[in-house]
Amino acid sequence: MNLKIFLFFLFAPFGFAQTPVHQVDICVYGGTSSGVIAACTAAKLGKSVLLIEPGRHLGGLSSGGLGQTDIGNKYAITGLARDFYRRIGKHYGRLEQWTFEPHVAEQIFTDYIREAKVPVLFSHRIVSAKKQNGLIQEIVLENSTKPTSATNQTVRARQFIDCSYEGDLMARAGVSYTVGREANNRYGETYNGVQLLDKHQFPDNIDPYRIPGNPESGLLWGISDKPLQPNGSGDASVQAYNFRLCLTDSVPNRIPITRPARYDSTRYELLLRQIQKRTPAKLDWELMHIQPMPHRKTDINNCGGFSTDMIGANYDYPDGDYETRRKIIGAHEDYTKGLLYFIGNDPRVPEHLRREMRQWGYPKDEYTDNGNFSHQLYIREARRMAGAYVMTQANCEGRETVPDAVGMAAYTMDSHNCQRLVVNGMVKNEGDVQVGGFGPYTIAYRALTRKENECGNLL
């Protein structure tokens, strides 16, 4: 091997020659877990590959805080997904493991990339796609941190794969998609659209107004004045996003949760009213779900009526430009850090909750380049491709099977709340669906492919 080429791969395994145009067989957009696996698989099949990641990290949410895997039925998980959990297990001295620290997950994704010798272009995001005769010819990228046309790069490929959470390549390639909730009658479903159910819900009789009983005083922060629509009707709302929080109670590794710069205690008045309805209120399983991770860390998720989900604050995210998204992500970070500080320090919060919350802090050994806070917002959904086949409730429940299965799913129908409304004079969350009771089901290859007449070389 040429010495210069050898040194390139030895010292810069993630680099890619800084030339204006990159020419490869396969371009993978998005360094999420799916993006890493797609890129590595293609490389091992002998294809030239470029993986593009708009941020600075590999693994998406798997390295961004979601360490408590929602397994469902683990026997449905095979292939390289199973290999990932076997590698996690090896790190912790076991055959396989389904819970893990963020930095461990990122290291394993990094190992995949090194082994397959896949070049990664970090901190670059798509600005345009050029098509000809129904095929993507090239895409143009800008620097994510310092966007300027002077540093734009072009990627040409025979095949493109969009592994981003947002579907940004897909959208710029002119592929059909939807945002929000279809009505039940669109696909003959019963759990789509508006759903006023009892999961992650407020107790009855919580007053929504700033001055209880006085509508003229206005609504508390986070409550919409929109009326509740009929059950099953569609709309453009999107299920809530949040950060999956990695905290620790290990004193040597703990950074205290301090007052955030843009802290606003009025955002959490509704939480106080929820706490007052439950005596004694509990931190775990009422205000948040604290899931234990190795080395005294957590994966904290939303739980209850008022928690880490920032309901109704993400509608503009899926189709938003990069600046709009940056502001939405920042608002979610402010809300989340403020929530943790509020619970631990506001004198109106019961002392036992404050004391328990103050046991936790940000881990010194996680997210070291991002202030020890997750770099990945939980984009539960954004754009959804209206492809050659659309998976629906009938597939989940086993009433409809597919002849072109390429994988399996094994979890409940699980969608988080979309709205916080006033219903019969009380504050209520709307949109949370958690329905199970069915076995693993197959996923159609056509669900990963666009309509044939839209774009012939995009997955």
# chains A, B, ... in the order shown; residues from 1 in each chain; ligands from 1
>>> select_by_dssp(residues="stretch 177-388 of chain A", states="strand (DSSP E or B)", output="ChimeraX atom specification")
/A:177-178,181,209-211,214-219,235,242,245,248,254-256,284,288-293,297-301,361-363,378,384-385
>>> write_last_selection(atoms="N, CA, C and O atoms", output="compact mmCIF listing (two decimals), in the first residue's frame")
# COMPACT_ATOMS: atom_id res chain seq x y z
N TYR A 177 -44.04 12.69 1.45
CA TYR A 177 -44.00 12.40 2.87
C TYR A 177 -45.16 13.12 3.55
O TYR A 177 -45.84 13.96 2.96
N THR A 178 -45.37 12.76 4.81
CA THR A 178 -46.40 13.42 5.61
C THR A 178 -45.81 13.83 6.95
O THR A 178 -44.81 13.26 7.41
N ARG A 181 -50.53 13.65 12.07
CA ARG A 181 -51.32 12.43 12.27
C ARG A 181 -52.40 12.31 11.21
O ARG A 181 -53.22 13.23 11.03
N TYR A 209 -55.82 27.52 34.75
CA TYR A 209 -55.66 28.97 34.65
C TYR A 209 -54.64 29.50 35.66
O TYR A 209 -54.44 28.93 36.74
N ARG A 210 -54.02 30.62 35.30
CA ARG A 210 -53.00 31.22 36.16
C ARG A 210 -53.57 31.53 37.53
O ARG A 210 -52.95 31.24 38.56
N ILE A 211 -54.75 32.12 37.55
CA ILE A 211 -55.50 32.27 38.79
C ILE A 211 -56.59 31.22 38.78
O ILE A 211 -57.48 31.27 37.93
N ASN A 214 -60.30 31.36 37.20
CA ASN A 214 -60.46 32.63 36.49
C ASN A 214 -59.90 32.53 35.07
O ASN A 214 -58.71 32.76 34.84
N PRO A 215 -60.75 32.20 34.08
CA PRO A 215 -60.27 32.08 32.71
C PRO A 215 -59.65 33.37 32.17
O PRO A 215 -58.76 33.33 31.32
N GLU A 216 -60.12 34.52 32.68
CA GLU A 216 -59.58 35.79 32.20
C GLU A 216 -58.11 35.99 32.57
O GLU A 216 -57.41 36.81 31.98
N SER A 217 -57.61 35.22 33.54
CA SER A 217 -56.21 35.36 33.95
C SER A 217 -55.25 34.71 32.96
O SER A 217 -54.04 34.94 33.04
N GLY A 218 -55.79 33.93 32.03
CA GLY A 218 -54.97 33.26 31.04
C GLY A 218 -54.55 31.87 31.47
O GLY A 218 -54.66 31.49 32.64
N LEU A 219 -54.08 31.11 30.50
CA LEU A 219 -53.67 29.74 30.76
C LEU A 219 -52.25 29.67 31.29
O LEU A 219 -51.41 30.51 30.96
N ASP A 235 -54.50 15.70 12.23
CA ASP A 235 -54.03 17.08 12.35
C ASP A 235 -52.53 17.11 12.08
O ASP A 235 -51.91 16.08 11.78
N ASN A 242 -38.20 14.91 23.64
CA ASN A 242 -37.53 15.18 24.91
C ASN A 242 -36.07 14.79 24.83
O ASN A 242 -35.61 14.29 23.80
N LEU A 245 -32.21 11.50 29.57
CA LEU A 245 -31.23 12.12 30.45
C LEU A 245 -30.31 11.10 31.12
O LEU A 245 -30.77 10.19 31.82
N THR A 248 -26.14 10.97 37.13
CA THR A 248 -25.47 10.04 38.02
C THR A 248 -25.62 10.50 39.47
O THR A 248 -25.71 11.71 39.73
N ARG A 254 -20.09 13.32 39.74
CA ARG A 254 -21.31 14.12 39.62
C ARG A 254 -21.02 15.61 39.54
O ARG A 254 -20.26 16.15 40.33
N ILE A 255 -21.65 16.26 38.55
CA ILE A 255 -21.63 17.72 38.44
C ILE A 255 -22.99 18.23 38.89
O ILE A 255 -24.02 17.82 38.35
N PRO A 256 -23.06 19.11 39.88
CA PRO A 256 -24.37 19.56 40.40
C PRO A 256 -25.23 20.21 39.31
O PRO A 256 -24.73 20.84 38.38
N ASP A 284 -39.75 9.13 40.94
CA ASP A 284 -39.72 8.08 39.92
C ASP A 284 -41.13 7.55 39.68
O ASP A 284 -41.89 7.29 40.61
N MET A 288 -40.99 11.51 36.51
CA MET A 288 -40.10 11.04 35.45
C MET A 288 -39.84 9.56 35.67
O MET A 288 -40.08 9.03 36.75
N HIS A 289 -39.36 8.88 34.64
CA HIS A 289 -39.04 7.46 34.75
C HIS A 289 -37.53 7.33 34.82
O HIS A 289 -36.83 7.55 33.82
N ILE A 290 -36.99 6.97 35.99
CA ILE A 290 -35.55 6.87 36.21
C ILE A 290 -35.14 5.41 36.02
O ILE A 290 -35.44 4.55 36.85
N GLN A 291 -34.46 5.16 34.92
CA GLN A 291 -34.05 3.79 34.59
C GLN A 291 -32.55 3.63 34.87
O GLN A 291 -31.74 4.41 34.36
N PRO A 292 -32.16 2.65 35.68
CA PRO A 292 -30.75 2.51 36.06
C PRO A 292 -29.89 2.01 34.91
O PRO A 292 -30.27 1.10 34.18
N MET A 293 -28.73 2.61 34.76
CA MET A 293 -27.72 2.21 33.80
C MET A 293 -26.48 1.76 34.56
O MET A 293 -26.36 1.99 35.76
N LYS A 297 -25.50 5.34 36.74
CA LYS A 297 -26.04 6.35 35.84
C LYS A 297 -27.48 6.03 35.51
O LYS A 297 -28.02 5.00 35.94
N THR A 298 -28.13 6.92 34.76
CA THR A 298 -29.54 6.76 34.44
C THR A 298 -29.79 6.93 32.95
O THR A 298 -28.99 7.50 32.21
N ASP A 299 -30.91 6.41 32.53
CA ASP A 299 -31.60 6.85 31.32
C ASP A 299 -32.96 7.30 31.81
O ASP A 299 -33.81 6.48 32.17
N ILE A 300 -33.17 8.61 31.90
CA ILE A 300 -34.43 9.15 32.41
C ILE A 300 -35.33 9.50 31.23
O ILE A 300 -34.92 10.21 30.31
N ASN A 301 -36.57 9.01 31.29
CA ASN A 301 -37.54 9.28 30.23
C ASN A 301 -38.78 9.94 30.82
O ASN A 301 -38.95 10.03 32.04
N GLY A 361 -26.82 14.36 39.38
CA GLY A 361 -26.10 15.42 38.68
C GLY A 361 -25.65 14.92 37.33
O GLY A 361 -25.82 13.75 36.97
N TYR A 362 -25.08 15.82 36.55
CA TYR A 362 -24.58 15.45 35.23
C TYR A 362 -23.26 14.68 35.37
O TYR A 362 -22.39 15.07 36.15
N PRO A 363 -23.07 13.59 34.62
CA PRO A 363 -21.85 12.80 34.77
C PRO A 363 -20.65 13.47 34.09
O PRO A 363 -20.74 13.93 32.95
N TYR A 378 -34.47 13.79 21.30
CA TYR A 378 -35.22 12.60 20.92
C TYR A 378 -36.27 12.99 19.88
O TYR A 378 -37.37 13.40 20.22
N ARG A 384 -42.47 11.54 7.59
CA ARG A 384 -42.65 10.10 7.36
C ARG A 384 -42.93 9.88 5.88
O ARG A 384 -43.87 10.43 5.31
N MET A 385 -42.08 9.08 5.26
CA MET A 385 -42.22 8.84 3.83
C MET A 385 -43.54 8.14 3.50
O MET A 385 -43.92 7.17 4.14
>>> residues_around(residues="stretch 113-126 of chain A", least_positions_apart="6", cutoff="10 Å", atoms="only C-alpha atoms", output="MDAnalysis selection string")
chainID A and resid 9:10 12:18 28:31 36:37 39:46 48:58 107 139:147 152:155 168:169 172 322
>>> closest_residue(among="A:Thr69, A:Thr99, A:Met426, A:Asn395", to="A:Leu220", atoms="only C-alpha atoms")
A:Met426
>>> select_by_dssp(residues="stretch 313-382 of chain A", states="alpha helix (DSSP H)", output="ChimeraX atom specification")
/A:322-345,351-357
>>> write_last_selection(atoms="N, CA, C and O atoms", output="compact mmCIF listing (two decimals), in the first residue's frame")
# COMPACT_ATOMS: atom_id res chain seq x y z
N TYR A 322 -32.80 25.03 9.27
CA TYR A 322 -31.84 24.67 10.31
C TYR A 322 -31.85 25.65 11.49
O TYR A 322 -31.64 25.25 12.63
N GLU A 323 -32.11 26.91 11.23
CA GLU A 323 -32.16 27.88 12.31
C GLU A 323 -33.39 27.65 13.19
O GLU A 323 -33.31 27.74 14.43
N THR A 324 -34.52 27.35 12.56
CA THR A 324 -35.73 27.04 13.33
C THR A 324 -35.50 25.84 14.23
O THR A 324 -35.86 25.84 15.41
N ARG A 325 -34.88 24.82 13.69
CA ARG A 325 -34.61 23.62 14.49
C ARG A 325 -33.63 23.91 15.64
O ARG A 325 -33.80 23.39 16.74
N ARG A 326 -32.63 24.72 15.36
CA ARG A 326 -31.68 25.07 16.41
C ARG A 326 -32.39 25.72 17.59
O ARG A 326 -32.11 25.40 18.76
N LYS A 327 -33.31 26.61 17.30
CA LYS A 327 -34.05 27.29 18.36
C LYS A 327 -34.95 26.31 19.12
O LYS A 327 -35.07 26.40 20.35
N ILE A 328 -35.58 25.38 18.41
CA ILE A 328 -36.44 24.40 19.07
C ILE A 328 -35.63 23.48 19.97
O ILE A 328 -36.02 23.17 21.10
N ILE A 329 -34.47 23.03 19.48
CA ILE A 329 -33.60 22.19 20.31
C ILE A 329 -33.14 22.96 21.55
O ILE A 329 -33.16 22.43 22.67
N GLY A 330 -32.77 24.23 21.36
CA GLY A 330 -32.36 25.04 22.49
C GLY A 330 -33.47 25.24 23.50
O GLY A 330 -33.22 25.22 24.72
N ALA A 331 -34.70 25.43 23.02
CA ALA A 331 -35.84 25.58 23.93
C ALA A 331 -36.07 24.31 24.74
O ALA A 331 -36.39 24.37 25.93
N HIS A 332 -35.91 23.15 24.09
CA HIS A 332 -36.06 21.88 24.81
C HIS A 332 -34.96 21.72 25.87
O HIS A 332 -35.22 21.22 26.97
N GLU A 333 -33.75 22.13 25.54
CA GLU A 333 -32.66 22.04 26.52
C GLU A 333 -32.93 22.96 27.70
O GLU A 333 -32.75 22.56 28.87
N ASP A 334 -33.37 24.19 27.43
CA ASP A 334 -33.69 25.12 28.51
C ASP A 334 -34.80 24.56 29.40
O ASP A 334 -34.73 24.63 30.64
N TYR A 335 -35.84 24.02 28.77
CA TYR A 335 -36.97 23.47 29.52
C TYR A 335 -36.51 22.31 30.42
O TYR A 335 -36.89 22.24 31.60
N THR A 336 -35.69 21.42 29.86
CA THR A 336 -35.28 20.23 30.59
C THR A 336 -34.36 20.57 31.76
O THR A 336 -34.56 20.09 32.88
N LYS A 337 -33.36 21.39 31.50
CA LYS A 337 -32.46 21.79 32.59
C LYS A 337 -33.22 22.57 33.65
O LYS A 337 -32.94 22.43 34.86
N GLY A 338 -34.17 23.40 33.21
CA GLY A 338 -34.97 24.14 34.17
C GLY A 338 -35.85 23.24 35.01
O GLY A 338 -36.04 23.48 36.21
N LEU A 339 -36.40 22.19 34.40
CA LEU A 339 -37.23 21.24 35.13
C LEU A 339 -36.44 20.56 36.24
O LEU A 339 -36.90 20.45 37.38
N LEU A 340 -35.24 20.10 35.91
CA LEU A 340 -34.42 19.43 36.91
C LEU A 340 -34.07 20.37 38.05
O LEU A 340 -34.11 19.99 39.23
N TYR A 341 -33.73 21.61 37.71
CA TYR A 341 -33.38 22.59 38.74
C TYR A 341 -34.60 22.94 39.59
O TYR A 341 -34.51 23.05 40.83
N PHE A 342 -35.74 23.10 38.95
CA PHE A 342 -36.98 23.45 39.66
C PHE A 342 -37.33 22.39 40.70
O PHE A 342 -37.61 22.71 41.86
N ILE A 343 -37.31 21.13 40.30
CA ILE A 343 -37.67 20.05 41.22
C ILE A 343 -36.71 20.02 42.41
O ILE A 343 -37.12 19.79 43.55
N GLY A 344 -35.44 20.27 42.15
CA GLY A 344 -34.46 20.16 43.22
C GLY A 344 -34.32 21.37 44.10
O GLY A 344 -33.72 21.28 45.19
N ASN A 345 -34.89 22.53 43.68
CA ASN A 345 -34.58 23.76 44.41
C ASN A 345 -35.76 24.67 44.72
O ASN A 345 -35.63 25.50 45.63
N GLU A 351 -40.12 18.77 50.24
CA GLU A 351 -38.72 18.59 50.59
C GLU A 351 -38.20 17.21 50.18
O GLU A 351 -37.05 17.08 49.73
N HIS A 352 -39.02 16.17 50.31
CA HIS A 352 -38.52 14.83 49.97
C HIS A 352 -38.20 14.72 48.49
O HIS A 352 -37.27 14.01 48.09
N LEU A 353 -38.95 15.44 47.63
CA LEU A 353 -38.66 15.43 46.20
C LEU A 353 -37.39 16.24 45.90
O LEU A 353 -36.56 15.83 45.09
N ARG A 354 -37.26 17.39 46.56
CA ARG A 354 -36.06 18.20 46.34
C ARG A 354 -34.81 17.44 46.76
O ARG A 354 -33.79 17.45 46.06
N ARG A 355 -34.91 16.78 47.90
CA ARG A 355 -33.75 16.04 48.41
C ARG A 355 -33.35 14.91 47.45
O ARG A 355 -32.17 14.71 47.17
N GLU A 356 -34.35 14.19 46.96
CA GLU A 356 -34.06 13.09 46.03
C GLU A 356 -33.48 13.61 44.72
O GLU A 356 -32.54 13.03 44.16
N MET A 357 -34.03 14.71 44.22
CA MET A 357 -33.55 15.26 42.95
C MET A 357 -32.10 15.73 43.07
O MET A 357 -31.30 15.56 42.14
>>> atom_distance(atom1="atom CA of A:Asp70", atom2="atom CA of A:Asn370")
25.7 Å
>>> residues_around(residues="A:Arg244", least_positions_apart="2", cutoff="10 Å", atoms="only C-alpha atoms", output="ChimeraX atom specification")
/A:61-62,64-68,241-242,246-247,298-302,308-309,336,373-374,376-378
>>> closest_residue(among="A:Val238, A:Val402, A:Val127, A:Val179", to="A:Ala386", atoms="only C-alpha atoms")
A:Val179
>>> closest_residue(among="A:Asp365, A:Ser265, A:Ile206, A:Leu270", to="A:Pro252", atoms="only C-alpha atoms")
A:Asp365
>>> atom_distance(atom1="atom CA of A:Asp225", atom2="atom CA of A:Val194")
15.8 Å
>>> residues_around(residues="A:Ala183", least_positions_apart="2", cutoff="12 Å", atoms="only C-alpha atoms", output="tab-separated table (two decimals) with N, CA, C and O atoms, in the first residue's frame")
chain	number	residue	atom	x	y	z
A	180	GLY	N	-47.31	14.85	10.90
A	180	GLY	CA	-48.50	14.90	11.75
A	180	GLY	C	-49.24	13.58	11.75
A	180	GLY	O	-48.68	12.53	11.46
A	181	ARG	N	-50.53	13.65	12.07
A	181	ARG	CA	-51.32	12.43	12.27
A	181	ARG	C	-52.40	12.31	11.21
A	181	ARG	O	-53.22	13.23	11.03
A	185	ASN	N	-59.64	7.17	9.34
A	185	ASN	CA	-60.23	6.64	8.12
A	185	ASN	C	-59.24	6.61	6.95
A	185	ASN	O	-59.54	6.04	5.91
A	186	ARG	N	-58.04	7.20	7.11
A	186	ARG	CA	-57.06	7.20	6.01
A	186	ARG	C	-56.57	5.79	5.73
A	186	ARG	O	-56.44	5.38	4.57
A	187	TYR	N	-56.27	5.02	6.78
A	187	TYR	CA	-55.76	3.67	6.60
A	187	TYR	C	-56.60	2.62	7.34
A	187	TYR	O	-56.15	1.51	7.56
A	188	GLY	N	-57.80	2.98	7.72
A	188	GLY	CA	-58.67	2.04	8.42
A	188	GLY	C	-58.16	1.66	9.79
A	188	GLY	O	-58.18	0.48	10.17
A	189	GLU	N	-57.72	2.64	10.55
A	189	GLU	CA	-57.15	2.39	11.87
A	189	GLU	C	-58.09	2.87	12.97
A	189	GLU	O	-59.10	3.52	12.71
A	190	THR	N	-57.73	2.55	14.22
A	190	THR	CA	-58.50	3.03	15.36
A	190	THR	C	-57.66	3.85	16.34
A	190	THR	O	-58.21	4.56	17.18
A	191	TYR	N	-56.33	3.76	16.25
A	191	TYR	CA	-55.47	4.46	17.21
A	191	TYR	C	-54.67	5.60	16.59
A	191	TYR	O	-53.76	6.12	17.21
A	192	ASN	N	-55.03	6.00	15.38
A	192	ASN	CA	-54.37	7.15	14.79
A	192	ASN	C	-55.15	8.41	15.17
A	192	ASN	O	-56.19	8.35	15.81
A	193	GLY	N	-54.64	9.57	14.77
A	193	GLY	CA	-55.36	10.81	15.01
A	193	GLY	C	-55.49	11.16	16.48
A	193	GLY	O	-54.75	10.69	17.34
A	194	VAL	N	-56.45	12.02	16.78
A	194	VAL	CA	-56.68	12.51	18.15
A	194	VAL	C	-57.08	11.35	19.06
A	194	VAL	O	-57.97	10.56	18.72
A	195	GLN	N	-56.41	11.27	20.23
A	195	GLN	CA	-56.69	10.21	21.19
A	195	GLN	C	-56.61	10.79	22.61
A	195	GLN	O	-55.53	11.16	23.05
A	229	GLN	N	-60.52	18.14	19.35
A	229	GLN	CA	-61.18	17.69	18.13
A	229	GLN	C	-61.73	16.27	18.30
A	229	GLN	O	-61.35	15.56	19.25
A	230	PRO	N	-62.60	15.83	17.41
A	230	PRO	CA	-63.19	14.49	17.54
A	230	PRO	C	-62.13	13.38	17.56
A	230	PRO	O	-61.09	13.49	16.90
A	231	ASN	N	-62.39	12.34	18.30
A	231	ASN	CA	-61.49	11.21	18.40
A	231	ASN	C	-61.22	10.63	17.01
A	231	ASN	O	-62.13	10.41	16.22
A	232	GLY	N	-59.94	10.39	16.72
A	232	GLY	CA	-59.57	9.79	15.44
A	232	GLY	C	-59.38	10.76	14.31
A	232	GLY	O	-59.00	10.35	13.20
A	233	SER	N	-59.60	12.04	14.54
A	233	SER	CA	-59.41	13.02	13.47
A	233	SER	C	-57.93	13.34	13.32
A	233	SER	O	-57.17	13.29	14.28
A	234	GLY	N	-57.52	13.68	12.11
A	234	GLY	CA	-56.13	13.97	11.84
A	234	GLY	C	-55.78	15.42	12.06
A	234	GLY	O	-56.66	16.30	12.08
A	235	ASP	N	-54.50	15.70	12.23
A	235	ASP	CA	-54.03	17.08	12.35
A	235	ASP	C	-52.53	17.11	12.08
A	235	ASP	O	-51.91	16.08	11.78
A	236	ALA	N	-51.93	18.28	12.20
A	236	ALA	CA	-50.50	18.44	11.89
A	236	ALA	C	-49.63	18.39	13.14
A	236	ALA	O	-48.43	18.68	13.04
A	237	SER	N	-50.18	18.04	14.28
A	237	SER	CA	-49.37	18.01	15.49
A	237	SER	C	-48.45	16.79	15.48
A	237	SER	O	-48.72	15.78	14.84
>>> residues_around(residues="A:Asp432", least_positions_apart="3", cutoff="12 Å", atoms="only C-alpha atoms", output="JSON, numbers by chain")
{"A": [191, 192, 193, 194, 195, 196, 197, 198, 199, 200, 201, 238, 239, 240, 302, 303, 304, 305, 309, 311, 413, 414, 415, 416, 417, 418, 419, 420, 428, 429, 435]}
>>> atom_distance(atom1="atom CA of A:Ser34", atom2="atom CA of A:Cys163")
6.1 Å
>>> closest_residue(among="A:Gly398, A:Gly439, A:Pro280, A:Gly387", to="A:Tyr411", atoms="only C-alpha atoms")
A:Gly439
